[in-house]
>>> print(open('work20.cif').read())   # mmCIF, C-alpha atoms and all ligand atoms
data_coords
loop_
_atom_site.label_atom_id
_atom_site.label_comp_id
_atom_site.auth_asym_id
_atom_site.auth_seq_id
_atom_site.Cartn_x
_atom_site.Cartn_y
_atom_site.Cartn_z
CA MET X 1 110.21 55.68 120.98
CA LYS X 2 111.81 53.15 118.66
CA TYR X 3 110.66 53.42 115.05
CA ASN X 4 110.29 50.41 112.81
CA PHE X 5 112.20 50.50 109.53
CA ASP X 6 112.03 46.73 109.02
CA ALA X 7 108.32 46.55 108.15
CA VAL X 8 107.74 45.63 104.50
CA ILE X 9 104.87 47.76 103.21
CA ASP X 10 102.93 46.75 100.11
CA ARG X 11 102.82 49.95 98.03
CA MET X 12 101.24 48.41 94.94
CA GLY X 13 98.02 50.09 93.87
CA THR X 14 98.80 53.35 95.68
CA GLY X 15 99.72 55.33 92.56
CA SER X 16 103.39 54.88 93.43
CA ILE X 17 105.75 55.71 90.56
CA LYS X 18 108.32 53.37 92.08
CA HIS X 19 106.04 50.38 92.52
CA ASP X 20 103.13 50.79 90.12
CA LEU X 21 105.01 51.85 86.98
CA LYS X 22 107.40 48.89 86.68
CA TRP X 23 106.15 47.96 83.24
CA GLU X 24 106.31 51.53 81.93
CA ILE X 25 109.82 52.10 83.26
CA PHE X 26 111.42 48.66 82.94
CA GLN X 27 109.10 46.66 80.66
CA ASN X 28 109.12 44.02 83.38
CA ARG X 29 106.44 43.63 86.06
CA GLU X 30 108.56 41.47 88.34
CA VAL X 31 111.43 43.87 88.83
CA LEU X 32 112.40 44.84 92.40
CA PRO X 33 112.37 48.67 92.28
CA MET X 34 115.56 50.21 93.71
CA TRP X 35 115.67 53.39 91.65
CA VAL X 36 113.77 56.68 92.22
CA ALA X 37 114.74 58.55 95.42
CA ASP X 38 111.70 57.47 97.40
CA MET X 39 111.92 55.41 100.61
CA ASP X 40 109.93 52.25 101.34
CA PHE X 41 109.52 52.99 105.06
CA GLU X 42 106.37 53.87 106.99
CA THR X 43 105.73 57.59 107.25
CA PRO X 44 106.23 58.41 110.96
CA ASP X 45 103.10 58.40 113.10
CA PHE X 46 103.23 62.11 114.01
CA ILE X 47 103.09 63.10 110.32
CA ARG X 48 100.31 60.64 109.52
CA GLN X 49 98.30 61.95 112.48
CA ALA X 50 98.74 65.58 111.40
CA VAL X 51 97.58 64.79 107.87
CA ALA X 52 94.71 62.61 109.14
CA LYS X 53 93.56 65.33 111.54
CA ARG X 54 93.30 67.83 108.70
CA ALA X 55 91.69 65.24 106.43
CA LEU X 56 88.94 64.72 109.01
CA HIS X 57 87.81 68.32 108.65
CA PRO X 58 85.14 68.13 105.95
CA VAL X 59 86.20 71.14 103.84
CA TYR X 60 89.39 71.26 101.75
CA GLY X 61 89.18 74.80 100.36
CA TYR X 62 91.81 77.37 99.33
CA THR X 63 94.47 77.63 101.95
CA PHE X 64 97.58 79.55 102.97
CA ARG X 65 100.67 78.69 104.98
CA ASP X 66 100.40 80.09 108.49
CA GLU X 67 103.15 81.54 110.70
CA GLU X 68 103.65 78.17 112.39
CA TYR X 69 104.60 76.65 109.02
CA TYR X 70 107.39 79.20 108.49
CA GLN X 71 108.56 78.96 112.10
CA SER X 72 108.86 75.17 111.75
CA ILE X 73 111.31 75.62 108.86
CA ILE X 74 113.24 78.38 110.65
CA SER X 75 113.56 76.31 113.80
CA TRP X 76 114.63 73.17 111.88
CA MET X 77 117.37 75.08 110.06
CA SER X 78 118.59 76.53 113.31
CA ARG X 79 118.49 73.21 115.24
CA ARG X 80 119.84 70.90 112.56
CA HIS X 81 122.11 73.16 110.53
CA SER X 82 122.95 76.15 112.77
CA TRP X 83 121.58 78.40 110.05
CA HIS X 84 119.65 81.54 110.93
CA VAL X 85 116.82 81.96 108.40
CA GLU X 86 114.34 84.81 108.43
CA ARG X 87 110.66 84.46 107.67
CA ASP X 88 110.81 86.72 104.61
CA TRP X 89 113.57 84.70 102.97
CA ILE X 90 111.32 81.66 102.46
CA VAL X 91 109.58 81.34 99.08
CA PHE X 92 107.16 78.46 98.53
CA SER X 93 107.54 76.07 95.61
CA PRO X 94 105.47 72.95 94.93
CA GLY X 95 108.69 70.99 94.43
CA VAL X 96 112.41 71.41 94.13
CA VAL X 97 112.46 70.49 90.44
CA PRO X 98 109.84 73.17 89.63
CA ALA X 99 111.93 75.51 91.79
CA LEU X 100 115.09 74.82 89.77
CA ASN X 101 113.21 75.72 86.60
CA MET X 102 111.71 78.86 88.13
CA VAL X 103 115.09 80.07 89.37
CA VAL X 104 116.63 79.55 85.93
CA LEU X 105 113.73 81.49 84.37
CA ALA X 106 113.93 84.27 86.95
CA LEU X 107 117.68 84.86 87.05
CA THR X 108 118.99 84.05 83.59
CA SER X 109 118.11 84.92 79.99
CA PRO X 110 118.01 82.70 76.91
CA GLY X 111 121.57 81.94 75.80
CA ASP X 112 123.07 82.48 79.29
CA LYS X 113 125.48 79.83 80.51
CA VAL X 114 124.52 77.72 83.51
CA ILE X 115 127.05 75.32 85.06
CA VAL X 116 126.19 71.87 86.42
CA GLN X 117 128.51 69.19 87.80
CA PRO X 118 127.81 65.78 86.29
CA PRO X 119 127.28 63.00 86.91
CA VAL X 120 124.35 64.71 88.57
CA TYR X 121 120.58 64.52 89.13
CA PHE X 122 119.34 64.81 85.54
CA PRO X 123 116.51 67.38 86.00
CA PHE X 124 119.38 69.87 86.42
CA PHE X 125 120.00 69.46 82.69
CA THR X 126 116.42 70.00 81.57
CA ALA X 127 116.00 72.97 83.93
CA VAL X 128 118.65 74.67 81.78
CA LYS X 129 118.09 73.26 78.30
CA ASP X 130 114.28 73.45 78.27
CA HIS X 131 114.50 77.21 78.67
CA GLU X 132 117.09 77.73 75.92
CA ARG X 133 119.94 78.46 78.33
CA GLU X 134 123.35 76.97 77.60
CA LEU X 135 124.34 73.98 79.70
CA VAL X 136 128.00 73.91 80.76
CA TYR X 137 129.43 70.69 82.20
CA ASN X 138 131.91 71.05 85.02
CA GLU X 139 132.34 67.28 85.24
CA LEU X 140 133.44 65.92 88.60
CA LEU X 141 136.85 64.27 88.82
CA CYS X 142 137.15 60.77 90.23
CA VAL X 143 140.47 60.57 92.07
CA ASN X 144 141.35 57.43 94.05
CA ASN X 145 137.71 56.36 94.08
CA ARG X 146 136.54 59.70 95.42
CA TYR X 147 134.67 62.37 93.50
CA LEU X 148 136.11 65.87 93.61
CA ILE X 149 135.22 69.22 92.07
CA ASN X 150 137.30 70.24 89.04
CA PHE X 151 138.18 73.70 90.34
CA GLU X 152 140.69 74.50 87.58
CA LEU X 153 138.06 73.94 84.91
CA LEU X 154 135.44 75.80 86.96
CA GLU X 155 137.69 78.88 87.15
CA GLN X 156 137.66 79.03 83.36
CA GLN X 157 133.97 78.26 82.97
CA ALA X 158 132.84 80.75 85.62
CA LYS X 159 134.21 83.69 83.64
CA ASP X 160 131.11 83.97 81.48
CA ALA X 161 128.45 81.93 83.31
CA ARG X 162 125.46 83.42 85.19
CA LEU X 163 124.53 80.57 87.51
CA LEU X 164 125.87 77.34 88.97
CA ILE X 165 123.47 74.63 90.10
CA LEU X 166 125.10 72.79 92.97
CA SER X 167 123.95 69.44 94.35
CA ASN X 168 124.83 69.78 98.05
CA PRO X 169 125.16 66.97 99.09
CA HIS X 170 125.69 65.42 95.70
CA ASN X 171 123.22 63.05 94.06
CA PRO X 172 124.21 60.48 92.74
CA VAL X 173 127.85 60.24 93.88
CA GLY X 174 126.99 60.72 97.57
CA ARG X 175 129.60 63.35 98.39
CA CYS X 176 128.94 65.58 101.37
CA TRP X 177 131.02 68.54 100.21
CA THR X 178 133.29 69.86 102.94
CA ARG X 179 133.34 73.46 104.10
CA ASP X 180 136.75 73.89 102.44
CA GLU X 181 135.53 72.58 99.11
CA LEU X 182 132.42 74.75 99.22
CA SER X 183 134.39 77.84 100.28
CA ARG X 184 136.77 77.39 97.36
CA LEU X 185 133.82 76.98 95.01
CA GLY X 186 132.19 80.03 96.60
CA ASP X 187 135.30 82.15 96.05
CA ILE X 188 135.22 81.34 92.35
CA CYS X 189 131.54 82.29 92.18
CA LEU X 190 132.10 85.58 94.02
CA GLN X 191 135.11 86.53 91.88
CA ASN X 192 133.06 85.96 88.73
CA ASN X 193 129.73 87.40 89.81
CA MET X 194 128.03 84.05 89.38
CA MET X 195 124.98 83.12 91.44
CA VAL X 196 124.57 79.70 93.03
CA LEU X 197 121.45 77.61 93.24
CA SER X 198 122.30 75.15 96.00
CA ASP X 199 119.95 72.17 95.92
CA GLU X 200 120.06 70.93 99.52
CA ILE X 201 117.11 68.56 99.38
CA HIS X 202 119.42 65.80 100.67
CA GLY X 203 121.03 68.06 103.27
CA ASP X 204 119.25 66.40 106.19
CA LEU X 205 120.37 62.97 105.01
CA VAL X 206 124.05 63.32 105.80
CA LEU X 207 125.53 60.26 107.43
CA PRO X 208 127.50 60.86 110.63
CA PRO X 209 130.32 61.66 111.17
CA ASN X 210 129.95 63.80 108.03
CA LYS X 211 128.23 67.16 108.55
CA HIS X 212 126.11 69.08 106.11
CA GLN X 213 127.36 72.55 105.32
CA VAL X 214 124.63 74.92 104.19
CA PHE X 215 126.35 76.72 101.30
CA ALA X 216 124.69 80.07 102.00
CA ASN X 217 125.81 79.88 105.63
CA ILE X 218 129.55 79.90 104.91
CA SER X 219 129.77 83.68 104.75
CA GLU X 220 127.74 86.85 104.48
CA ALA X 221 129.02 87.31 100.93
CA LEU X 222 127.89 83.84 99.83
CA SER X 223 124.47 84.22 101.42
CA GLY X 224 124.01 87.24 99.14
CA ILE X 225 124.43 85.24 95.91
CA THR X 226 122.79 81.97 96.92
CA ILE X 227 119.36 80.48 96.43
CA THR X 228 118.92 77.42 98.64
CA ALA X 229 116.38 74.73 97.75
CA HIS X 230 115.09 72.66 100.67
CA ALA X 231 112.14 70.40 101.42
CA PRO X 232 110.90 67.78 103.86
CA SER X 233 110.24 65.48 100.91
CA LYS X 234 113.46 63.40 100.86
CA THR X 235 114.07 63.52 104.60
CA PHE X 236 110.59 62.35 105.58
CA ASN X 237 109.55 60.74 102.30
CA LEU X 238 106.80 63.23 101.52
CA ALA X 239 107.42 63.74 97.80
CA GLY X 240 103.76 63.03 97.03
CA LEU X 241 102.77 66.15 99.01
CA SER X 242 104.57 68.61 96.70
CA THR X 243 105.77 71.11 99.29
CA SER X 244 109.20 72.72 99.29
CA SER X 245 111.02 76.01 99.80
CA LEU X 246 113.51 78.32 98.24
CA ILE X 247 115.43 80.28 100.84
CA ILE X 248 116.85 83.54 99.49
CA ARG X 249 118.44 86.27 101.59
CA ASP X 250 119.10 88.83 98.86
CA GLU X 251 116.00 90.93 98.33
CA GLU X 252 116.54 91.64 94.63
CA ILE X 253 117.10 87.99 93.78
CA ARG X 254 114.14 87.00 95.92
CA LYS X 255 111.83 89.50 94.21
CA LYS X 256 112.74 88.10 90.80
CA VAL X 257 112.18 84.49 91.85
CA LYS X 258 108.94 85.30 93.67
CA SER X 259 107.59 87.04 90.63
CA VAL X 260 107.97 83.86 88.53
CA VAL X 261 106.25 81.79 91.24
CA GLN X 262 103.42 84.33 91.27
CA LYS X 263 103.13 84.59 87.49
CA LEU X 264 102.73 80.84 87.28
CA HIS X 265 100.20 80.90 90.15
CA LEU X 266 102.07 78.22 92.06
CA GLU X 267 101.90 79.84 95.48
CA MET X 268 98.92 77.97 96.81
CA GLY X 269 100.40 74.58 97.66
CA ASN X 270 98.23 72.03 99.38
CA ILE X 271 96.78 71.75 102.86
CA PHE X 272 98.21 68.31 103.56
CA GLY X 273 101.72 69.39 102.57
CA ASN X 274 101.47 72.30 105.00
CA GLU X 275 100.42 70.07 107.91
CA ALA X 276 102.99 67.39 107.11
CA THR X 277 105.81 69.95 106.89
CA LYS X 278 104.95 71.41 110.28
CA ALA X 279 104.75 67.99 111.94
CA ALA X 280 107.99 66.83 110.31
CA PHE X 281 110.05 69.86 111.24
CA GLN X 282 108.55 70.24 114.73
CA GLN X 283 108.64 66.61 115.80
CA GLY X 284 110.96 64.80 113.39
CA ASP X 285 114.39 64.90 115.07
CA ALA X 286 114.29 61.51 116.80
CA TRP X 287 112.80 59.76 113.78
CA LEU X 288 115.44 61.23 111.48
CA ASP X 289 118.28 60.31 113.84
CA GLN X 290 117.05 56.70 113.86
CA LEU X 291 116.54 56.71 110.09
CA LEU X 292 120.17 57.81 109.58
CA VAL X 293 121.40 54.93 111.75
CA TYR X 294 119.30 52.46 109.74
CA LEU X 295 120.44 53.87 106.40
CA ASN X 296 124.05 53.81 107.52
CA GLU X 297 123.69 50.14 108.45
CA ASN X 298 122.12 49.39 105.05
CA ILE X 299 125.03 51.13 103.36
CA ARG X 300 127.64 49.25 105.45
CA LEU X 301 125.86 45.98 104.73
CA THR X 302 125.88 46.70 100.99
CA GLN X 303 129.53 47.67 101.08
CA SER X 304 130.70 44.57 102.94
CA PHE X 305 128.37 42.14 101.13
CA LEU X 306 129.54 43.34 97.71
CA ALA X 307 133.22 43.58 98.69
CA ASP X 308 133.01 39.98 99.78
CA GLN X 309 130.80 38.48 97.06
CA LEU X 310 131.36 40.71 94.03
CA PRO X 311 134.79 42.31 94.44
CA ASP X 312 134.94 43.43 90.79
CA LEU X 313 132.09 45.85 91.40
CA LYS X 314 133.31 49.25 92.53
CA VAL X 315 131.14 50.71 95.30
CA PHE X 316 131.27 54.42 96.09
CA VAL X 317 130.27 54.51 99.74
CA PRO X 318 128.09 57.60 100.18
CA GLU X 319 128.71 60.25 102.82
CA ALA X 320 125.13 61.45 102.36
CA THR X 321 121.86 60.31 100.73
CA TYR X 322 120.56 56.75 100.62
CA MET X 323 121.80 56.15 97.09
CA ILE X 324 124.88 54.11 96.29
CA TRP X 325 126.80 54.77 93.07
CA LEU X 326 128.11 51.53 91.58
CA ASP X 327 130.70 51.11 88.84
CA PHE X 328 130.30 48.05 86.58
CA ALA X 329 133.25 48.86 84.27
CA ALA X 330 135.05 45.62 85.18
CA PHE X 331 132.27 43.43 83.76
CA GLY X 332 132.96 43.99 80.06
CA LEU X 333 129.41 45.12 79.21
CA ASP X 334 128.13 48.19 77.42
CA ASP X 335 125.46 50.46 78.91
CA LYS X 336 122.62 48.81 77.01
CA SER X 337 123.56 45.25 77.96
CA LEU X 338 124.21 46.32 81.56
CA ARG X 339 120.67 47.71 81.78
CA GLU X 340 119.13 44.64 80.13
CA LYS X 341 121.01 42.29 82.39
CA MET X 342 120.05 44.23 85.50
CA ILE X 343 116.36 44.26 84.63
CA HIS X 344 115.78 40.93 82.95
CA GLU X 345 118.37 38.65 84.56
CA ALA X 346 118.88 40.13 88.03
CA GLY X 347 115.25 41.34 88.20
CA LEU X 348 116.37 44.67 89.64
CA GLY X 349 115.31 48.19 88.71
CA LEU X 350 118.22 50.56 89.33
CA SER X 351 118.83 54.02 87.82
CA PRO X 352 121.19 53.80 84.83
CA GLY X 353 124.29 55.94 85.26
CA ILE X 354 124.11 57.34 81.74
CA ASP X 355 120.96 59.26 82.72
CA PHE X 356 123.15 61.39 85.00
CA GLY X 357 125.20 62.73 82.07
CA PRO X 358 128.98 62.72 81.48
CA GLY X 359 130.78 60.36 83.84
CA GLY X 360 127.73 58.10 84.20
CA SER X 361 128.60 55.40 81.70
CA LEU X 362 128.73 51.85 83.12
CA LYS X 363 127.49 53.13 86.48
CA MET X 364 124.20 52.43 88.21
CA ARG X 365 122.53 54.09 91.21
CA LEU X 366 121.13 51.79 93.88
CA ASN X 367 118.53 53.09 96.35
CA VAL X 368 118.98 51.34 99.73
CA ALA X 369 116.17 53.14 101.61
CA CYS X 370 114.21 49.94 102.10
CA PRO X 371 113.76 47.31 104.82
CA ARG X 372 116.89 45.22 105.32
CA SER X 373 115.21 42.02 104.15
CA VAL X 374 114.41 43.69 100.81
CA LEU X 375 117.95 44.98 100.49
CA LEU X 376 119.45 41.55 101.18
CA ASN X 377 117.20 40.03 98.55
CA ALA X 378 118.35 42.65 96.04
CA LEU X 379 122.02 42.15 96.86
CA GLN X 380 121.69 38.40 96.41
CA LYS X 381 120.06 38.90 93.00
CA LEU X 382 122.86 41.26 92.00
CA VAL X 383 125.59 38.88 93.06
CA LEU X 384 123.98 35.83 91.46
CA THR X 385 123.73 37.57 88.09
CA PHE X 386 127.01 39.45 87.94
CA HIS X 387 129.10 36.73 89.56
CA GLN X 388 128.94 34.83 86.27
CA VAL X 389 129.95 37.84 84.17
CA GLY X 390 133.10 39.05 85.91
C1 LIG X 401 119.07 66.65 94.02
C2 LIG X 401 117.57 66.50 93.92
N1 LIG X 401 116.81 67.60 93.76
C3 LIG X 401 115.46 67.52 93.66
C4 LIG X 401 114.82 66.30 93.73
C5 LIG X 401 113.32 66.21 93.59
O1 LIG X 401 112.69 67.29 94.13
P1 LIG X 401 111.10 67.44 94.08
O2 LIG X 401 110.51 66.08 94.20
O3 LIG X 401 110.80 68.33 95.25
O4 LIG X 401 110.78 68.10 92.78
C6 LIG X 401 115.57 65.14 93.91
C7 LIG X 401 114.91 63.83 93.94
O5 LIG X 401 115.50 62.81 93.85
C8 LIG X 401 116.98 65.25 94.00
O6 LIG X 401 117.74 64.17 94.17
#
>>> encode(input="work20.cif", output="structure tokens", more="lines below")
Ligand SMILES: Cc1ncc(COP(=O)(O)O)c(C=O)c1O
Amino acid sequence: MKYNFDAVIDRMGTGSIKHDLKWEIFQNREVLPMWVADMDFETPDFIRQAVAKRALHPVYGYTFRDEEYYQSIISWMSRRHSWHVERDWIVFSPGVVPALNMVVLALTSPGDKVIVQPPVYFPFFTAVKDHERELVYNELLCVNNRYLINFELLEQQAKDARLLILSNPHNPVGRCWTRDELSRLGDICLQNNMMVLSDEIHGDLVLPPNKHQVFANISEALSGITITAHAPSKTFNLAGLSTSSLIIRDEEIRKKVKSVVQKLHLEMGNIFGNEATKAAFQQGDAWLDQLLVYLNENIRLTQSFLADQLPDLKVFVPEATYMIWLDFAAFGLDDKSLREKMIHEAGLGLSPGIDFGPGGSLKMRLNVACPRSVLLNALQKLVLTFHQVG
């Protein structure tokens, strides 16, 4: 079956943060939203049917996740990532961001140091700071237009830190960390007794020929200090169903994390998330393979269009995710005027780089998970506006 990623779907009036909150976010109702990591494609038929089937039953009472739900995750991890996961390792969380917060609460104490690698997905910062833990920036290095981990700095910082929150693959710079990079990082963590929370929500969205490396699956030793966050929500665009998992092999760590989930009474989840997860992980391979081809083409199109029409704009071509990190440093603007220009002159709603912490200044994150006609329209707007500035 050939899936259609070209259909333009009107999402206005559906309670969509991306489409219905333009005024609140950008103070402009006409902006074309290319920001939050949410795709504008149709949810595949097999997921819609699974949700619709459950919705047709007239009672929506308290529910639990059945064995089939867990087996769907186990089988997906085995098929797509060659990772053997056991049923007991899987802990439910209503979302990955809540999970990050719960892991920080469960495994660290106020005042403990937690390392993050900016520019990075900004809820990593609040997951640390909001609970009075100390945020430590292991800022990525940008060498020859490629982001790399600053291992030398990490070796120093790891000496007295409890936890590292890893974005694997990395949002927003789009790096799919290699096995070598992750092993080196893992060695530092093991030597310093530091646990790793590996956020792999984008792990299914790695663009061939790159390959996702599950951090916990590098070695037995690393699987003993790692908490992996995973969900069908980015891969299949199901964020509105609030269903995700923490996968934890070590029993002691798992007990601590589970106890926070239980204390907050967040175990229940929702019936539609359960059905959608099963359908996605049982039937989603072909759809995902086609999605990755479409996303890759959108990324190539963006790269060549901008190289040709706006050569002063630096484009970091992602190895994973559908976000493209753009560097506007050559345009002589400051962050405030860059944002204003983007919203009110180009009519585009991108994510400002400064939100992603150190290293984000004069950058913007562009979401290209949209029909090609929408992307072309956005690229034309971008070129028209910034052509005059360069
Ligand atoms: C790295 C990363 N983690 C987590 C999330 C969001 O997770 P959730 O919606 O399950 O809370 C995102 C969304 O963009 C993300 O990029």
>>> residues_around(input="work20.cif", residues="region 61-75 of chain X", least_positions_apart="3", cutoff="8 Å", atoms="all atoms listed in the file", output="PyMOL selection string")
chain X and resi 78-79+84-87+90+268-271+274-275+277-278+281-282
>>> residues_near_ligand(input="work20.cif", ligand="ligand LIG 401 (chain X)", cutoff="8 Å", atoms="all atoms listed in the file", output="JSON, numbers by chain")
{"X": [36, 37, 38, 94, 95, 96, 97, 98, 99, 120, 121, 123, 167, 168, 169, 170, 171, 172, 199, 200, 201, 202, 231, 233, 234, 239, 240, 242, 243, 244]}
>>> atom_distance(input="work20.cif", atom1="CA of Val59 (chain X)", atom2="CA of Gln262 (chain X)")
25.1 Å
>>> axis_aligned_box(input="work20.cif", around="region 101-113 of chain X", padding_each_side="8 Å", output="lines of an AutoDock Vina configuration file")
center_x = 118.6
center_y = 80.3
center_z = 82.6
size_x = 29.8
size_y = 25.2
size_z = 29.6
>>> atom_distance(input="work20.cif", atom1="CA of Pro119 (chain X)", atom2="CA of Met77 (chain X)")
27.9 Å
>>> closest_residue(input="work20.cif", among="X:Arg133, X:Lys341, X:Arg300, X:Lys18", to="Met39 (chain X)", atoms="only C-alpha atoms")
X:Lys18
>>> atom_distance(input="work20.cif", atom1="CA of Ile188 (chain X)", atom2="CA of Ala229 (chain X)")
20.7 Å
>>> residues_near_point(input="work20.cif", point="(115.0, 43.3, 101.9)", cutoff="12 Å", atoms="all atoms listed in the file", output="ChimeraX atom specification")
/X:5-9,32-34,40-41,298,301-302,367-381
>>> closest_atom_pairs(input="work20.cif", of="region 50-116 of chain X", to="region 210-222 of chain X", cutoff="9 Å", atoms="only C-alpha atoms", output="Markdown table")
| residue | atom | partner | partner_atom | distance |
| --- | --- | --- | --- | --- |
| X:His81 | CA | X:Val214 | CA | 7.0 |
| X:Ser82 | CA | X:Asn217 | CA | 8.5 |
| X:Trp83 | CA | X:Asn217 | CA | 6.3 |
| X:His84 | CA | X:Asn217 | CA | 8.3 |
>>> closest_atom_pairs(input="work20.cif", of="region 92-194 of chain X", to="region 314-321 of chain X", cutoff="6 Å", atoms="all atoms listed in the file", output="tab-separated table")
residue	atom	partner	partner_atom	distance
X:Gly174	CA	X:Pro318	CA	4.2
X:Arg175	CA	X:Glu319	CA	5.5
X:Cys176	CA	X:Glu319	CA	5.5
>>> closest_residue(input="work20.cif", among="X:Asn237, X:Ser304, X:Thr228, X:Gln309", to="Trp89 (chain X)", atoms="all atoms listed in the file")
X:Thr228
>>> closest_residue(input="work20.cif", among="X:Tyr3, X:Phe122, X:Trp325, X:Phe92", to="Tyr147 (chain X)", atoms="all atoms listed in the file")
X:Trp325
>>> closest_residue(input="work20.cif", among="X:Gly359, X:Gln156, X:Asp180, X:Trp23", to="Cys142 (chain X)", atoms="all atoms listed in the file")
X:Gly359
>>> decode(input="work20.cif", residues="region 6-72 of chain X", atoms="C-alpha atoms", output="tab-separated table (two decimals), in the first residue's frame")
chain	number	residue	atom	x	y	z
X	6	ASP	CA	0.94	15.02	0.13
X	7	ALA	CA	-2.61	15.59	1.40
X	8	VAL	CA	-3.02	18.98	3.08
X	9	ILE	CA	-5.20	18.50	6.15
X	10	ASP	CA	-6.99	21.43	7.75
X	11	ARG	CA	-6.19	21.09	11.46
X	12	MET	CA	-7.76	24.36	12.56
X	13	GLY	CA	-10.40	23.97	15.24
X	14	THR	CA	-9.09	20.59	16.42
X	15	GLY	CA	-7.45	21.87	19.60
X	16	SER	CA	-4.07	21.70	17.86
X	17	ILE	CA	-1.32	23.59	19.68
X	18	LYS	CA	0.50	23.99	16.38
X	19	HIS	CA	-2.43	25.35	14.39
X	20	ASP	CA	-4.91	26.80	16.86
X	21	LEU	CA	-2.55	28.73	19.13
X	22	LYS	CA	-0.86	30.94	16.52
X	23	TRP	CA	-1.94	34.13	18.22
X	24	GLU	CA	-0.86	32.97	21.67
X	25	ILE	CA	2.54	31.80	20.46
X	26	PHE	CA	3.36	34.27	17.68
X	27	GLN	CA	0.89	37.14	18.11
X	28	ASN	CA	0.04	36.63	14.45
X	29	ARG	CA	-2.91	34.61	13.16
X	30	GLU	CA	-1.56	34.28	9.63
X	31	VAL	CA	1.71	32.59	10.46
X	32	LEU	CA	2.52	29.26	8.78
X	33	PRO	CA	3.36	26.99	11.75
X	34	MET	CA	6.65	25.11	11.28
X	35	TRP	CA	7.67	24.78	14.92
X	36	VAL	CA	6.51	22.18	17.51
X	37	ALA	CA	7.56	18.58	16.72
X	38	ASP	CA	4.17	17.50	15.42
X	39	MET	CA	3.60	16.26	11.86
X	40	ASP	CA	0.90	17.52	9.49
X	41	PHE	CA	0.29	14.11	7.87
X	42	GLU	CA	-2.75	11.86	8.10
X	43	THR	CA	-2.56	9.32	10.90
X	44	PRO	CA	-2.26	5.94	9.13
X	45	ASP	CA	-5.51	4.07	8.55
X	46	PHE	CA	-4.64	1.08	10.77
X	47	ILE	CA	-4.20	3.35	13.81
X	48	ARG	CA	-7.36	5.33	13.10
X	49	GLN	CA	-9.31	2.07	12.75
X	50	ALA	CA	-7.96	0.70	16.05
X	51	VAL	CA	-8.92	3.89	17.89
X	52	ALA	CA	-12.31	4.06	16.14
X	53	LYS	CA	-13.05	0.43	17.00
X	54	ARG	CA	-12.46	1.10	20.69
X	55	ALA	CA	-14.39	4.38	20.50
X	56	LEU	CA	-17.42	2.50	19.18
X	57	HIS	CA	-17.68	0.50	22.38
X	58	PRO	CA	-20.05	2.56	24.52
X	59	VAL	CA	-18.13	2.43	27.83
X	60	TYR	CA	-14.80	4.19	28.45
X	61	GLY	CA	-14.08	3.09	32.02
X	62	TYR	CA	-10.85	2.48	33.97
X	63	THR	CA	-8.48	0.43	31.94
X	64	PHE	CA	-5.13	-1.36	32.03
X	65	ARG	CA	-2.53	-2.22	29.41
X	66	ASP	CA	-2.81	-5.85	28.39
X	67	GLU	CA	-0.05	-8.31	27.48
X	68	GLU	CA	-0.49	-7.53	23.78
X	69	TYR	CA	0.43	-3.89	24.47
X	70	TYR	CA	3.76	-4.87	26.06
X	71	GLN	CA	4.49	-7.47	23.40
X	72	SER	CA	3.96	-4.85	20.68
